[in-house]
Amino acid sequence: MHKHIINKLILVAGAWNNSGQKDKRLELQFNSLLNELRIAAGTTPEGAVQLLLTELGETEAMTA
């Protein structure tokens with residue numbers, strides 16, 4: 001479950017970055033997904049960010 005939310009977070013973050021970081025809809029969607037991850041993981045907002053960063057680190061390690 002967490003992996004699916006994290007994958008969506010990564011896609012939305014990429015789309016937001018491609019928009020020049022100006023698309024408020026994507027920014028709101030990212031925040032909503034981050035909150036969804038926080039609730040699913042039963043953690044704090046900081047804990048949800050840490051889960052995302054940890055997954056990104058694992059993903060980068062697999063592609064290196």
# chains A, B, ... in the order shown; residues from 1 in each chain; ligands from 1
>>> residues_around(residues="stretch 12-15 of chain A", least_positions_apart="3", cutoff="10 Å", atoms="only C-alpha atoms", output="PyMOL selection string")
chain A and resi 6-9+18-21+23+26-31+33
>>> closest_residue(among="A:His4, A:Arg25, A:Arg38, A:Trp16", to="A:Leu51", atoms="only C-alpha atoms")
A:Arg38
>>> residues_around(residues="A:Met1", least_positions_apart="2", cutoff="10 Å", atoms="only C-alpha atoms", output="PyMOL selection string")
chain A and resi 3-6+37+40-41
>>> select_by_dssp(residues="chain A", states="helix (DSSP H, G or I)", output="NGL selection string")
:A and (2-18 or 24-41 or 45-63)
>>> atom_distance(atom1="atom CA of A:Asn17", atom2="atom CA of A:Thr44")
24.8 Å
>>> atom_distance(atom1="atom CA of A:Leu52", atom2="atom CA of A:Ile10")
8.6 Å
>>> closest_residue(among="A:His2, A:Leu11, A:Ala48, A:Leu56", to="A:Asn35", atoms="only C-alpha atoms")
A:Ala48
